[in-house]
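For reference, target.cif (mmCIF, C-alpha atoms):
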data_work
#
loop_
_atom_site.label_atom_id
_atom_site.label_comp_id
_atom_site.auth_asym_id
_atom_site.auth_seq_id
_atom_site.Cartn_x
_atom_site.Cartn_y
_atom_site.Cartn_z
CA MET V 1 -56.29 3.86 42.95
CA GLY V 2 -59.90 5.10 43.42
CA ASP V 3 -60.00 3.77 47.01
CA VAL V 4 -56.74 5.53 47.80
CA ILE V 5 -58.00 8.84 46.43
CA THR V 6 -61.28 8.50 48.37
CA LEU V 7 -59.36 7.75 51.53
CA ILE V 8 -57.13 10.80 50.99
CA ILE V 9 -60.16 13.06 50.32
CA ASP V 10 -61.88 11.79 53.50
CA SER V 11 -58.65 12.44 55.44
CA ILE V 12 -58.43 15.98 54.09
CA LYS V 13 -62.10 16.66 55.04
CA SER V 14 -61.51 15.33 58.53
CA ALA V 15 -58.35 17.37 58.87
CA ALA V 16 -60.17 20.53 57.69
CA SER V 17 -62.91 20.05 60.28
CA THR V 18 -60.31 19.56 62.96
CA ILE V 19 -58.36 22.65 61.84
CA LYS V 20 -61.52 24.75 62.07
CA ASN V 21 -61.95 23.91 65.71
CA SER V 22 -58.24 24.12 66.69
CA SER V 23 -55.90 26.78 68.05
CA ARG V 24 -53.65 28.86 65.84
CA ARG V 25 -50.49 26.75 66.43
CA ALA V 26 -52.42 23.57 65.98
CA LYS V 27 -53.89 24.97 62.80
CA GLN V 28 -50.35 25.56 61.37
CA GLY V 29 -49.33 21.99 62.13
CA MET V 30 -52.51 20.65 60.70
CA PHE V 31 -52.03 22.71 57.51
CA ALA V 32 -48.56 21.16 57.09
CA CYS V 33 -49.96 17.66 57.41
CA VAL V 34 -52.65 18.47 54.91
CA ALA V 35 -49.98 19.77 52.52
CA VAL V 36 -47.98 16.54 52.85
CA ILE V 37 -51.09 14.48 52.30
CA ALA V 38 -51.88 16.56 49.23
CA ILE V 39 -48.35 16.06 47.82
CA LEU V 40 -48.56 12.33 48.40
CA ALA V 41 -51.93 12.27 46.73
CA SER V 42 -50.48 14.15 43.76
CA LEU V 43 -47.51 11.73 43.51
CA SER V 44 -49.78 8.72 43.65
CA PHE V 45 -52.07 10.17 41.06
CA THR V 46 -49.25 11.03 38.52
CA GLY V 47 -47.14 7.84 39.04
CA THR V 48 -44.08 9.72 40.36
CA ARG V 49 -42.20 8.87 43.51
CA ILE V 50 -39.32 9.91 45.72
CA ALA V 51 -35.95 8.28 44.81
CA TYR V 52 -32.21 8.92 45.21
CA LYS V 53 -29.62 10.06 42.72
CA VAL V 54 -26.30 8.27 43.33
CA ASP V 55 -23.17 10.42 43.07
CA TYR V 56 -20.23 7.99 42.75
CA SER V 57 -16.63 8.94 42.06
CA GLY V 58 -17.72 12.42 41.00
CA SER V 59 -20.40 11.29 38.54
CA LYS V 60 -24.11 10.65 38.71
CA ILE V 61 -24.17 6.94 37.89
CA ALA V 62 -27.70 5.76 38.75
CA THR V 63 -31.05 6.41 40.39
CA VAL V 64 -32.10 4.00 43.17
CA SER V 65 -35.31 3.54 45.06
CA SER V 66 -33.44 3.34 48.38
CA LYS V 67 -30.01 3.10 49.94
CA LYS V 68 -30.72 -0.57 50.53
CA GLN V 69 -30.92 -1.08 46.75
CA PHE V 70 -27.46 0.43 46.41
CA ASN V 71 -26.13 -1.93 49.10
CA ASP V 72 -27.73 -4.84 47.25
CA ALA V 73 -25.88 -3.66 44.14
CA LEU V 74 -22.62 -3.68 46.12
CA ASP V 75 -23.26 -7.31 47.11
CA LEU V 76 -23.75 -8.09 43.41
CA VAL V 77 -20.46 -6.35 42.58
CA ALA V 78 -18.70 -8.52 45.14
CA GLN V 79 -20.03 -11.58 43.34
CA MET V 80 -19.06 -10.29 39.88
CA VAL V 81 -15.52 -9.14 40.68
CA GLU V 82 -12.65 -11.53 41.44
CA GLY V 83 -10.31 -10.42 44.19
CA ASP V 84 -9.85 -10.27 47.92
CA ASP V 85 -10.12 -6.51 48.28
CA VAL V 86 -13.31 -5.61 46.42
CA ALA V 87 -14.85 -3.77 49.40
CA ASN V 88 -11.87 -1.41 49.69
CA ALA V 89 -11.86 -0.74 45.96
CA VAL V 90 -15.43 0.64 46.05
CA GLU V 91 -15.84 4.31 47.02
CA GLU V 92 -18.47 5.83 49.31
CA PRO V 93 -21.44 7.21 47.36
CA LYS V 94 -23.47 10.36 48.01
CA PHE V 95 -27.26 10.30 47.77
CA SER V 96 -29.59 13.12 46.89
CA ALA V 97 -33.37 12.81 47.03
CA THR V 98 -35.30 13.41 43.86
CA VAL V 99 -38.74 12.91 42.45
CA VAL V 100 -38.85 10.59 39.44
CA LEU V 101 -41.21 8.48 37.48
CA GLY V 102 -41.11 4.83 38.47
CA ASP V 103 -39.55 3.87 35.12
CA ASP V 104 -36.56 6.16 35.78
CA ILE V 105 -35.23 4.02 38.61
CA ASN V 106 -32.34 1.69 37.60
CA ASP V 107 -32.58 -1.97 38.47
CA THR V 108 -29.98 -3.48 40.80
CA GLN V 109 -27.92 -5.10 37.98
CA GLU V 110 -27.66 -1.77 36.18
CA VAL V 111 -26.47 -0.12 39.37
CA ALA V 112 -23.85 -2.85 39.89
CA ASN V 113 -22.61 -2.42 36.31
CA ALA V 114 -22.38 1.36 36.82
CA ILE V 115 -20.33 0.87 40.00
CA ILE V 116 -17.90 -1.45 38.13
CA ASP V 117 -17.58 0.93 35.17
CA ASN V 118 -16.77 3.87 37.45
CA THR V 119 -14.33 2.16 39.82
CA ASP V 120 -10.74 2.63 38.65
CA GLU V 121 -9.47 -0.40 40.57
CA ILE V 122 -11.95 -2.73 38.86
CA VAL V 123 -11.09 -3.74 35.26
CA ALA V 124 -12.32 -6.19 32.68
CA ALA V 125 -9.71 -8.93 32.59
CA THR V 126 -9.04 -12.50 31.44
CA VAL V 127 -7.94 -15.58 33.34
CA ILE V 128 -5.68 -18.02 31.46
CA LYS V 129 -6.20 -21.63 32.42
CA VAL V 130 -3.95 -24.48 31.31
CA ASP V 131 -5.49 -27.91 31.86
CA ASP V 132 -8.04 -26.18 34.17
CA SER V 133 -5.32 -24.61 36.33
CA ILE V 134 -5.02 -20.80 36.50
CA VAL V 135 -1.58 -19.77 35.27
CA ALA V 136 -2.05 -16.03 34.72
CA ARG V 137 -4.56 -13.21 34.73
CA GLY V 138 -4.35 -9.88 33.04
CA GLU V 139 -6.26 -7.13 31.31
CA LYS V 140 -8.29 -8.63 28.49
CA GLU V 141 -6.71 -6.65 25.65
CA THR V 142 -3.20 -7.50 26.84
CA VAL V 143 -3.97 -11.21 27.19
CA ASP V 144 -5.69 -11.38 23.80
CA THR V 145 -2.71 -9.72 22.10
CA ILE V 146 -0.10 -11.98 23.75
CA ILE V 147 -2.01 -15.18 22.99
CA SER V 148 -2.70 -14.15 19.39
CA THR V 149 0.99 -13.31 18.88
CA ARG V 150 2.10 -16.67 20.28
CA LEU V 151 -0.36 -18.64 18.15
CA ASN V 152 0.46 -16.80 14.92
CA ILE V 153 4.24 -16.46 15.28
CA PHE V 154 4.88 -19.83 13.61
CA ASN V 155 2.50 -19.26 10.71
CA SER V 156 4.07 -19.36 7.26
CA ASP V 157 3.31 -17.39 4.11
CA GLU V 158 3.75 -20.63 2.17
CA GLY V 159 0.25 -21.88 2.95
CA VAL V 160 -2.97 -21.59 4.93
CA CYS V 161 -2.17 -22.08 8.62
CA THR V 162 -4.20 -23.01 11.68
CA SER V 163 -2.52 -22.91 15.08
CA ARG V 164 -3.48 -24.23 18.51
CA PHE V 165 -1.80 -24.92 21.83
CA VAL V 166 -0.67 -28.47 22.58
CA LYS V 167 -2.23 -28.29 26.04
CA ASP V 168 -5.83 -27.37 26.84
CA VAL V 169 -5.71 -23.58 27.13
CA LYS V 170 -8.84 -21.63 28.05
CA CYS V 171 -9.44 -17.93 28.53
CA GLU V 172 -12.27 -16.81 30.80
CA ASP V 173 -13.34 -13.17 30.91
CA GLY V 174 -14.51 -11.37 34.04
CA TYR V 175 -13.90 -8.39 36.33
CA PHE V 176 -10.88 -8.21 38.61
CA ILE V 177 -9.09 -5.91 41.02
CA LYS V 178 -6.37 -4.26 38.94
CA SER V 179 -3.68 -4.59 41.62
CA GLU V 180 -4.14 -8.36 41.66
CA LEU V 181 -3.44 -8.83 37.91
CA ASP V 182 -0.15 -10.12 36.47
CA GLY V 183 2.12 -7.79 34.53
CA GLU V 184 2.58 -8.00 30.76
CA ARG V 185 6.04 -9.59 30.96
CA ALA V 186 4.86 -12.24 33.40
CA ILE V 187 1.95 -13.11 31.11
CA GLU V 188 4.29 -13.26 28.10
CA GLY V 189 6.60 -15.61 29.98
CA VAL V 190 3.74 -17.99 30.74
CA VAL V 191 2.17 -17.90 27.28
CA ASN V 192 5.48 -18.12 25.38
CA SER V 193 6.35 -21.29 27.30
CA LEU V 194 3.33 -23.05 25.80
CA ASP V 195 3.99 -25.33 22.81
CA VAL V 196 2.10 -24.48 19.63
CA VAL V 197 0.93 -26.92 16.94
CA THR V 198 0.60 -25.34 13.49
CA GLU V 199 -1.21 -27.18 10.72
CA MET V 200 -0.50 -25.85 7.23
CA ARG V 201 -1.85 -26.78 3.83
CA LYS V 202 0.92 -25.86 1.45
CA THR V 203 0.67 -25.71 -2.33
CA THR V 204 3.89 -25.42 -4.32
CA ASP V 205 4.56 -25.26 -8.04
CA ILE V 206 7.62 -27.39 -8.77
CA ILE V 207 9.62 -27.03 -11.97
CA VAL V 208 10.11 -30.39 -13.72
CA PRO V 209 13.25 -30.18 -15.91
CA PHE V 210 12.95 -31.54 -19.42
CA LYS V 211 15.13 -34.44 -20.53
CA SER V 212 17.34 -34.54 -23.57
CA THR V 213 17.30 -37.40 -26.04
CA THR V 214 19.82 -37.90 -28.81
CA GLN V 215 19.09 -39.20 -32.26
CA LYS V 216 22.03 -40.27 -34.43
CA THR V 217 22.18 -39.93 -38.16
CA ASN V 218 24.79 -41.08 -40.66
CA GLU V 219 23.54 -38.40 -43.00
CA GLN V 220 25.59 -35.81 -41.10
CA ILE V 221 29.28 -35.57 -40.25
CA VAL V 222 30.61 -36.39 -36.77
CA GLY V 223 30.44 -33.15 -34.80
CA TYR V 224 27.14 -32.13 -36.38
CA SER V 225 24.57 -31.37 -33.67
CA LYS V 226 21.18 -29.74 -34.03
CA VAL V 227 18.23 -29.33 -31.66
CA THR V 228 15.16 -30.44 -33.61
CA VAL V 229 12.72 -30.24 -30.69
CA THR V 230 13.20 -27.46 -28.13
CA GLY V 231 12.91 -28.69 -24.56
CA VAL V 232 10.35 -27.05 -22.27
CA SER V 233 10.30 -27.55 -18.51
CA GLY V 234 7.04 -28.73 -16.97
CA VAL V 235 5.24 -27.65 -13.81
CA ASN V 236 3.77 -29.92 -11.13
CA ARG V 237 1.47 -28.46 -8.47
CA VAL V 238 2.07 -30.31 -5.21
CA THR V 239 -0.26 -29.89 -2.21
CA GLN V 240 0.96 -31.04 1.20
CA ASP V 241 -0.37 -31.09 4.75
CA VAL V 242 2.43 -29.99 7.06
CA ILE V 243 2.35 -30.24 10.86
CA MET V 244 4.82 -28.19 12.89
CA VAL V 245 5.46 -27.82 16.62
CA ASN V 246 6.95 -24.43 17.50
CA GLY V 247 7.90 -24.01 13.85
CA GLU V 248 9.71 -27.37 13.56
CA ILE V 249 8.26 -29.71 10.90
CA GLN V 250 6.98 -32.94 12.45
CA SER V 251 5.29 -34.46 9.40
CA CYS V 252 4.60 -33.70 5.76
CA VAL V 253 1.98 -35.64 3.84
CA GLU V 254 1.39 -35.19 0.13
CA VAL V 255 -2.29 -34.63 -0.58
CA SER V 256 -2.13 -34.22 -4.35
CA ASN V 257 0.34 -33.90 -7.21
CA GLU V 258 -1.17 -32.29 -10.28
CA VAL V 259 0.58 -31.88 -13.61
CA VAL V 260 -0.06 -28.27 -14.59
CA VAL V 261 2.29 -28.21 -17.59
CA ALA V 262 3.79 -31.42 -18.98
CA PRO V 263 7.50 -31.19 -19.88
CA VAL V 264 8.55 -31.39 -23.53
CA ASN V 265 11.75 -33.36 -23.96
CA GLU V 266 14.55 -31.92 -26.05
CA VAL V 267 15.61 -33.85 -29.15
CA ILE V 268 19.16 -33.45 -30.46
CA VAL V 269 20.25 -34.92 -33.78
CA LYS V 270 23.98 -35.79 -34.02
CA GLY V 271 25.96 -36.87 -37.01
CA THR V 272 27.90 -40.15 -37.04
CA ALA V 273 29.44 -40.07 -40.49
CA LYS V 274 33.16 -39.43 -40.81
CA THR V 275 32.62 -38.31 -44.39
CA LEU V 276 29.71 -37.77 -46.71
CA ALA V 277 31.80 -38.46 -49.80
CA SER V 278 30.33 -40.86 -52.33
CA ALA V 279 32.05 -44.12 -53.26
CA LYS V 280 33.38 -42.51 -56.41
CA GLN V 281 34.70 -39.52 -54.46
CA LYS V 282 36.41 -41.83 -51.99
CA GLN V 283 38.02 -43.77 -54.82
CA GLN V 284 39.34 -40.59 -56.36
CA ALA V 285 40.64 -39.39 -52.94
CA HIS V 286 42.43 -42.67 -52.26
CA ALA V 287 44.01 -42.44 -55.72
CA ALA V 288 45.84 -39.27 -54.61
CA GLY V 289 48.09 -41.48 -52.52
CA PHE V 290 48.30 -39.24 -49.45
CA ILE V 291 49.75 -40.47 -46.16
CA PHE V 292 48.46 -39.44 -42.73
CA PRO V 293 49.98 -36.07 -41.65
CA LEU V 294 50.86 -37.15 -38.06
CA PRO V 295 52.73 -40.06 -36.49
CA SER V 296 50.50 -43.05 -35.77
CA GLY V 297 49.05 -43.46 -32.26
CA THR V 298 49.62 -39.83 -31.25
CA TRP V 299 46.35 -38.22 -32.33
CA ARG V 300 42.55 -38.16 -32.25
CA VAL V 301 40.04 -36.39 -34.46
CA SER V 302 38.15 -33.62 -32.67
CA SER V 303 36.21 -32.21 -35.61
CA TYR V 304 35.39 -33.39 -39.13
CA TYR V 305 34.72 -31.50 -42.35
CA GLY V 306 31.40 -29.67 -42.34
CA ASP V 307 30.13 -30.77 -38.86
CA GLY V 308 27.26 -28.27 -38.93
CA ARG V 309 29.47 -25.18 -38.81
CA ASN V 310 30.86 -25.14 -42.35
CA HIS V 311 34.18 -26.50 -41.14
CA LYS V 312 36.58 -26.51 -44.10
CA GLY V 313 38.96 -29.17 -42.84
CA VAL V 314 39.53 -31.81 -40.21
CA ASP V 315 40.96 -31.05 -36.74
CA ILE V 316 43.36 -33.64 -35.37
CA CYS V 317 44.41 -33.23 -31.74
CA ALA V 318 48.00 -34.08 -30.81
CA LYS V 319 50.58 -33.11 -28.25
CA GLY V 320 52.26 -29.76 -28.82
CA GLY V 321 55.52 -30.18 -30.78
CA THR V 322 54.38 -33.36 -32.60
CA SER V 323 55.80 -33.58 -36.11
CA ILE V 324 53.56 -32.63 -39.04
CA TYR V 325 54.33 -34.48 -42.31
CA ALA V 326 53.75 -33.45 -45.90
CA VAL V 327 51.08 -35.86 -47.15
CA ALA V 328 52.59 -35.93 -50.66
CA ASP V 329 55.44 -34.46 -52.70
CA GLY V 330 55.00 -30.81 -53.54
CA THR V 331 56.18 -27.21 -53.36
CA VAL V 332 55.70 -24.89 -50.39
CA VAL V 333 53.64 -21.89 -51.53
CA HIS V 334 53.02 -20.43 -48.07
CA SER V 335 54.92 -20.68 -44.79
CA GLY V 336 54.09 -18.06 -42.20
CA TRP V 337 51.29 -16.38 -40.30
CA LYS V 338 47.83 -16.57 -41.91
CA GLY V 339 45.15 -14.81 -39.81
CA ASP V 340 42.95 -17.21 -37.80
CA TYR V 341 45.05 -20.13 -39.07
CA GLY V 342 48.05 -18.87 -37.07
CA TYR V 343 51.35 -20.26 -38.34
CA CYS V 344 50.43 -22.15 -41.48
CA VAL V 345 52.02 -24.13 -44.33
CA ILE V 346 50.42 -24.61 -47.74
CA VAL V 347 51.91 -27.20 -50.14
CA GLU V 348 51.01 -27.35 -53.83
CA HIS V 349 50.83 -30.79 -55.47
CA GLU V 350 50.21 -32.00 -59.00
CA GLY V 351 46.84 -31.61 -60.69
CA GLY V 352 45.92 -28.25 -59.11
CA MET V 353 45.75 -29.77 -55.62
CA ARG V 354 46.89 -28.07 -52.44
CA THR V 355 47.06 -29.14 -48.77
CA LEU V 356 46.94 -26.74 -45.80
CA TYR V 357 48.43 -27.32 -42.31
CA ALA V 358 47.37 -24.73 -39.69
CA HIS V 359 47.89 -23.62 -36.05
CA ALA V 360 51.53 -24.77 -36.03
CA LYS V 361 53.81 -24.08 -33.14
CA GLN V 362 56.86 -23.94 -35.40
CA LEU V 363 57.42 -23.90 -39.15
CA CYS V 364 60.12 -26.17 -40.63
CA CYS V 365 60.09 -25.06 -44.25
CA ASN V 366 60.16 -21.94 -46.39
CA VAL V 367 58.22 -20.72 -49.40
CA GLY V 368 59.68 -22.25 -52.58
CA ASP V 369 61.00 -25.37 -50.85
CA THR V 370 60.34 -28.66 -52.53
CA VAL V 371 59.20 -31.18 -49.95
CA SER V 372 58.86 -34.94 -50.14
CA GLN V 373 55.99 -37.09 -48.83
CA GLY V 374 56.61 -37.74 -45.10
CA GLU V 375 59.00 -34.79 -44.67
CA VAL V 376 58.48 -32.75 -41.44
CA ILE V 377 57.19 -29.34 -42.47
CA ALA V 378 55.95 -28.00 -39.08
CA LEU V 379 55.23 -28.86 -35.44
CA VAL V 380 51.75 -29.12 -33.84
CA GLY V 381 50.74 -26.03 -31.88
CA THR V 382 47.76 -23.81 -30.99
CA THR V 383 48.42 -20.52 -32.71
CA GLY V 384 45.76 -18.33 -34.29
CA GLN V 385 42.07 -18.98 -33.55
CA SER V 386 42.59 -22.19 -31.59
CA THR V 387 41.48 -23.69 -28.26
CA GLY V 388 44.20 -26.32 -27.90
CA ASN V 389 47.08 -28.09 -29.59
CA HIS V 390 45.89 -29.58 -32.87
CA LEU V 391 46.46 -29.74 -36.61
CA HIS V 392 43.82 -28.20 -38.86
CA PHE V 393 44.23 -29.99 -42.23
CA GLU V 394 42.52 -29.02 -45.51
CA VAL V 395 42.46 -30.36 -49.05
CA ILE V 396 41.89 -27.79 -51.82
CA VAL V 397 41.42 -28.74 -55.50
CA ASN V 398 41.37 -25.96 -58.07
CA GLY V 399 40.51 -23.44 -55.35
CA ARG V 400 37.64 -25.51 -53.86
CA ASN V 401 37.70 -27.24 -50.47
CA TYR V 402 36.97 -30.97 -50.31
CA ASP V 403 36.37 -33.30 -47.39
CA PRO V 404 39.90 -34.39 -46.40
CA ALA V 405 38.80 -37.55 -44.51
CA PRO V 406 38.98 -39.99 -47.44
CA TYR V 407 42.28 -38.48 -48.62
CA ILE V 408 44.00 -39.48 -45.35
CA ASN V 409 42.04 -42.69 -44.81
CA LEU V 410 39.70 -41.42 -42.05
CA ASP V 411 36.61 -42.74 -43.88
#
File written out as structure tokens:
Amino acid sequence: MGDVITLIIDSIKSAASTIKNSSRRAKQGMFACVAVIAILASLSFTGTRIAYKVDYSGSKIATVSSKKQFNDALDLVAQMVEGDDVANAVEEPKFSATVVLGDDINDTQEVANAIIDNTDEIVAATVIKVDDSIVARGEKETVDTIISTRLNIFNSDEGVCTSRFVKDVKCEDGYFIKSELDGERAIEGVVNSLDVVTEMRKTTDIIVPFKSTTQKTNEQIVGYSKVTVTGVSGVNRVTQDVIMVNGEIQSCVEVSNEVVVAPVNEVIVKGTAKTLASAKQKQQAHAAGFIFPLPSGTWRVSSYYGDGRNHKGVDICAKGGTSIYAVADGTVVHSGWKGDYGYCVIVEHEGGMRTLYAHAKQLCCNVGDTVSQGEVIALVGTTGQSTGNHLHFEVIVNGRNYDPAPYINLD
């Protein structure tokens, strides 16, 4: 720098000597030259220089050292932008000289980037390649949205999903001429034709129903039933790896099966005894000499005395209209409707004993009648509180109900 300044000072001294000995016009020209030399000396001394502001598309986009630098930037743009019409997409710039510090001049890459950012026909876009073949190109945001939608459309809320295309699909970003890009629908058509594999890890809690087991006891009457252990359903947690193609399940592999809550099986105790009468009670009942109140072979017992619901008699199912016999000689003390019993007959026998015949369809005797053992006193029906044709039969001694089973030989 010192040599340059010395040279400039020597040039100014020489020019001053020449000016002194020159004509007026020559002096004016020489003064101009001296002024230029002085300006250049000042620029060199301060580190400033002459450059060009670039006005492009109505905006100041960069400062270049020369027009050649701008042209070099255009060559770089041509390399960065895909398309056959890059040159026509770029607008003509305007240059204006300016004095700047050396650090204020943009490098060529910065100028190229500024040209791209300010050219409407140049956009950031993405090329879609399938097995290394270009199938579509579009604006980056559009492509990203369409591909994301396609990959995620088969995801399920049932588990954690990961999706990928069956084929090798790549997306490469770059700059392109807008007019040469594919439209949104065209891109959707291409992307939506691609098969998608979705891998899902699915965890499901499965209810395991409890089982029921029955325990029999001869300490309770037939018909007695009681749950002694309440059943509780269990829960198994099953984890599976599921593979789907376009939402269709192709395989499902169980990874684990964990018992979260073990089931508790229900236990039901059921009675098997036809009567709980003691041997002595049975002997006394047999001594009464009763016959069975229905014809043989036409009936079945549906409920015994007691049976867990304080049942006061025995229910004997038979076809509607079947004859009902008096089990022993006696006197009819009731023949008519009796609340839940429906049509009912009550016969009084010797020794303070009574027998009751309920739910009859038809009554065949009247109060005060004397009836003989085996005489038809009513017909089987389902009147009163009844769910089907049957005879409800009771034995009552001195106003107290007894198990009728041993009296009619059901023990």
* Asked: Looking at only C-alpha atoms, which of V:Glu199, V:Glu350, V:Asp103, V:Glu158 is the one that sits closest to V:Ile243?
  ->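 Selected residue with least distance to V:Ile243: V:Glu199.
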Once the PyMOL selection byres ((chain V and resi 148) around 12) has been evaluated on this model, what residues remain selected, and can you format them as a PDB file with C-alpha atoms, keeping the file's coordinate frame?
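So part-v8.pdb came out as:
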ATOM      1  CA  GLU V 141      -6.710  -6.650  25.650  1.00  0.00           C
ATOM      2  CA  THR V 142      -3.200  -7.500  26.840  1.00  0.00           C
ATOM      3  CA  VAL V 143      -3.970 -11.210  27.190  1.00  0.00           C
ATOM      4  CA  ASP V 144      -5.690 -11.380  23.800  1.00  0.00           C
ATOM      5  CA  THR V 145      -2.710  -9.720  22.100  1.00  0.00           C
ATOM      6  CA  ILE V 146      -0.100 -11.980  23.750  1.00  0.00           C
ATOM      7  CA  ILE V 147      -2.010 -15.180  22.990  1.00  0.00           C
ATOM      8  CA  THR V 149       0.990 -13.310  18.880  1.00  0.00           C
ATOM      9  CA  ARG V 150       2.100 -16.670  20.280  1.00  0.00           C
ATOM     10  CA  LEU V 151      -0.360 -18.640  18.150  1.00  0.00           C
ATOM     11  CA  ASN V 152       0.460 -16.800  14.920  1.00  0.00           C
ATOM     12  CA  ILE V 153       4.240 -16.460  15.280  1.00  0.00           C
ATOM     13  CA  PHE V 154       4.880 -19.830  13.610  1.00  0.00           C
ATOM     14  CA  ASN V 155       2.500 -19.260  10.710  1.00  0.00           C
ATOM     15  CA  THR V 162      -4.200 -23.010  11.680  1.00  0.00           C
ATOM     16  CA  SER V 163      -2.520 -22.910  15.080  1.00  0.00           C
ATOM     17  CA  ARG V 164      -3.480 -24.230  18.510  1.00  0.00           C
ATOM     18  CA  PHE V 165      -1.800 -24.920  21.830  1.00  0.00           C
ATOM     19  CA  CYS V 171      -9.440 -17.930  28.530  1.00  0.00           C
ATOM     20  CA  GLU V 188       4.290 -13.260  28.100  1.00  0.00           C
ATOM     21  CA  VAL V 191       2.170 -17.900  27.280  1.00  0.00           C
ATOM     22  CA  ASN V 192       5.480 -18.120  25.380  1.00  0.00           C
ATOM     23  CA  VAL V 196       2.100 -24.480  19.630  1.00  0.00           C
TER      24      VAL V 196
END
* Pull out every residue that the PyMOL selection byres ((chain V and resi 195) around 7) matches in the shown coordinates and put them as a ChimeraX atom specification. => /V:165-166,193-194,196-197,245-246
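Once the PyMOL selection byres ((chain V and resi 212) around 6) is applied to the shown structure, the selection contains Lys211, Thr213, Asn265, Glu266 and Val267 of chain V.
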### Residue nearest V:Leu379 among V:Ser323, V:Asn113, V:Thr272, V:Ser59 (counting only C-alpha atoms)
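For V:Leu379, the nearest of the given residues is V:Ser323.
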Using all atoms listed in the file, the best pick from V:Val376, V:Val123, V:Val208, V:Met200 as closest to V:Thr239 would be V:Met200
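Using all atoms listed in the file, the contacts of stretch 72-89 of chain V at a cut-off of 10 Å, with sequence neighbours closer than 6 positions omitted, comprise Val64, Asp107, Thr108, Gln109, Glu110, Val111, Ala112, Asn113, Ala114, Ile115, Ile116, Thr119, Asp120, Glu121, Ile122, Val123, Ala124, Ala125, Gly174, Tyr175, Phe176, Ile177, Lys178, Ser179, Glu180 and Leu181 of chain V.
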Selection from above, C-alpha atoms, as a PDB file, keeping the file's coordinate frame, can you write it?
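Wrote it out as result02.pdb, contents follow:
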ATOM      1  CA  VAL V  64     -32.100   4.000  43.170  1.00  0.00           C
ATOM      2  CA  ASP V 107     -32.580  -1.970  38.470  1.00  0.00           C
ATOM      3  CA  THR V 108     -29.980  -3.480  40.800  1.00  0.00           C
ATOM      4  CA  GLN V 109     -27.920  -5.100  37.980  1.00  0.00           C
ATOM      5  CA  GLU V 110     -27.660  -1.770  36.180  1.00  0.00           C
ATOM      6  CA  VAL V 111     -26.470  -0.120  39.370  1.00  0.00           C
ATOM      7  CA  ALA V 112     -23.850  -2.850  39.890  1.00  0.00           C
ATOM      8  CA  ASN V 113     -22.610  -2.420  36.310  1.00  0.00           C
ATOM      9  CA  ALA V 114     -22.380   1.360  36.820  1.00  0.00           C
ATOM     10  CA  ILE V 115     -20.330   0.870  40.000  1.00  0.00           C
ATOM     11  CA  ILE V 116     -17.900  -1.450  38.130  1.00  0.00           C
ATOM     12  CA  THR V 119     -14.330   2.160  39.820  1.00  0.00           C
ATOM     13  CA  ASP V 120     -10.740   2.630  38.650  1.00  0.00           C
ATOM     14  CA  GLU V 121      -9.470  -0.400  40.570  1.00  0.00           C
ATOM     15  CA  ILE V 122     -11.950  -2.730  38.860  1.00  0.00           C
ATOM     16  CA  VAL V 123     -11.090  -3.740  35.260  1.00  0.00           C
ATOM     17  CA  ALA V 124     -12.320  -6.190  32.680  1.00  0.00           C
ATOM     18  CA  ALA V 125      -9.710  -8.930  32.590  1.00  0.00           C
ATOM     19  CA  GLY V 174     -14.510 -11.370  34.040  1.00  0.00           C
ATOM     20  CA  TYR V 175     -13.900  -8.390  36.330  1.00  0.00           C
ATOM     21  CA  PHE V 176     -10.880  -8.210  38.610  1.00  0.00           C
ATOM     22  CA  ILE V 177      -9.090  -5.910  41.020  1.00  0.00           C
ATOM     23  CA  LYS V 178      -6.370  -4.260  38.940  1.00  0.00           C
ATOM     24  CA  SER V 179      -3.680  -4.590  41.620  1.00  0.00           C
ATOM     25  CA  GLU V 180      -4.140  -8.360  41.660  1.00  0.00           C
ATOM     26  CA  LEU V 181      -3.440  -8.830  37.910  1.00  0.00           C
TER      27      LEU V 181
END
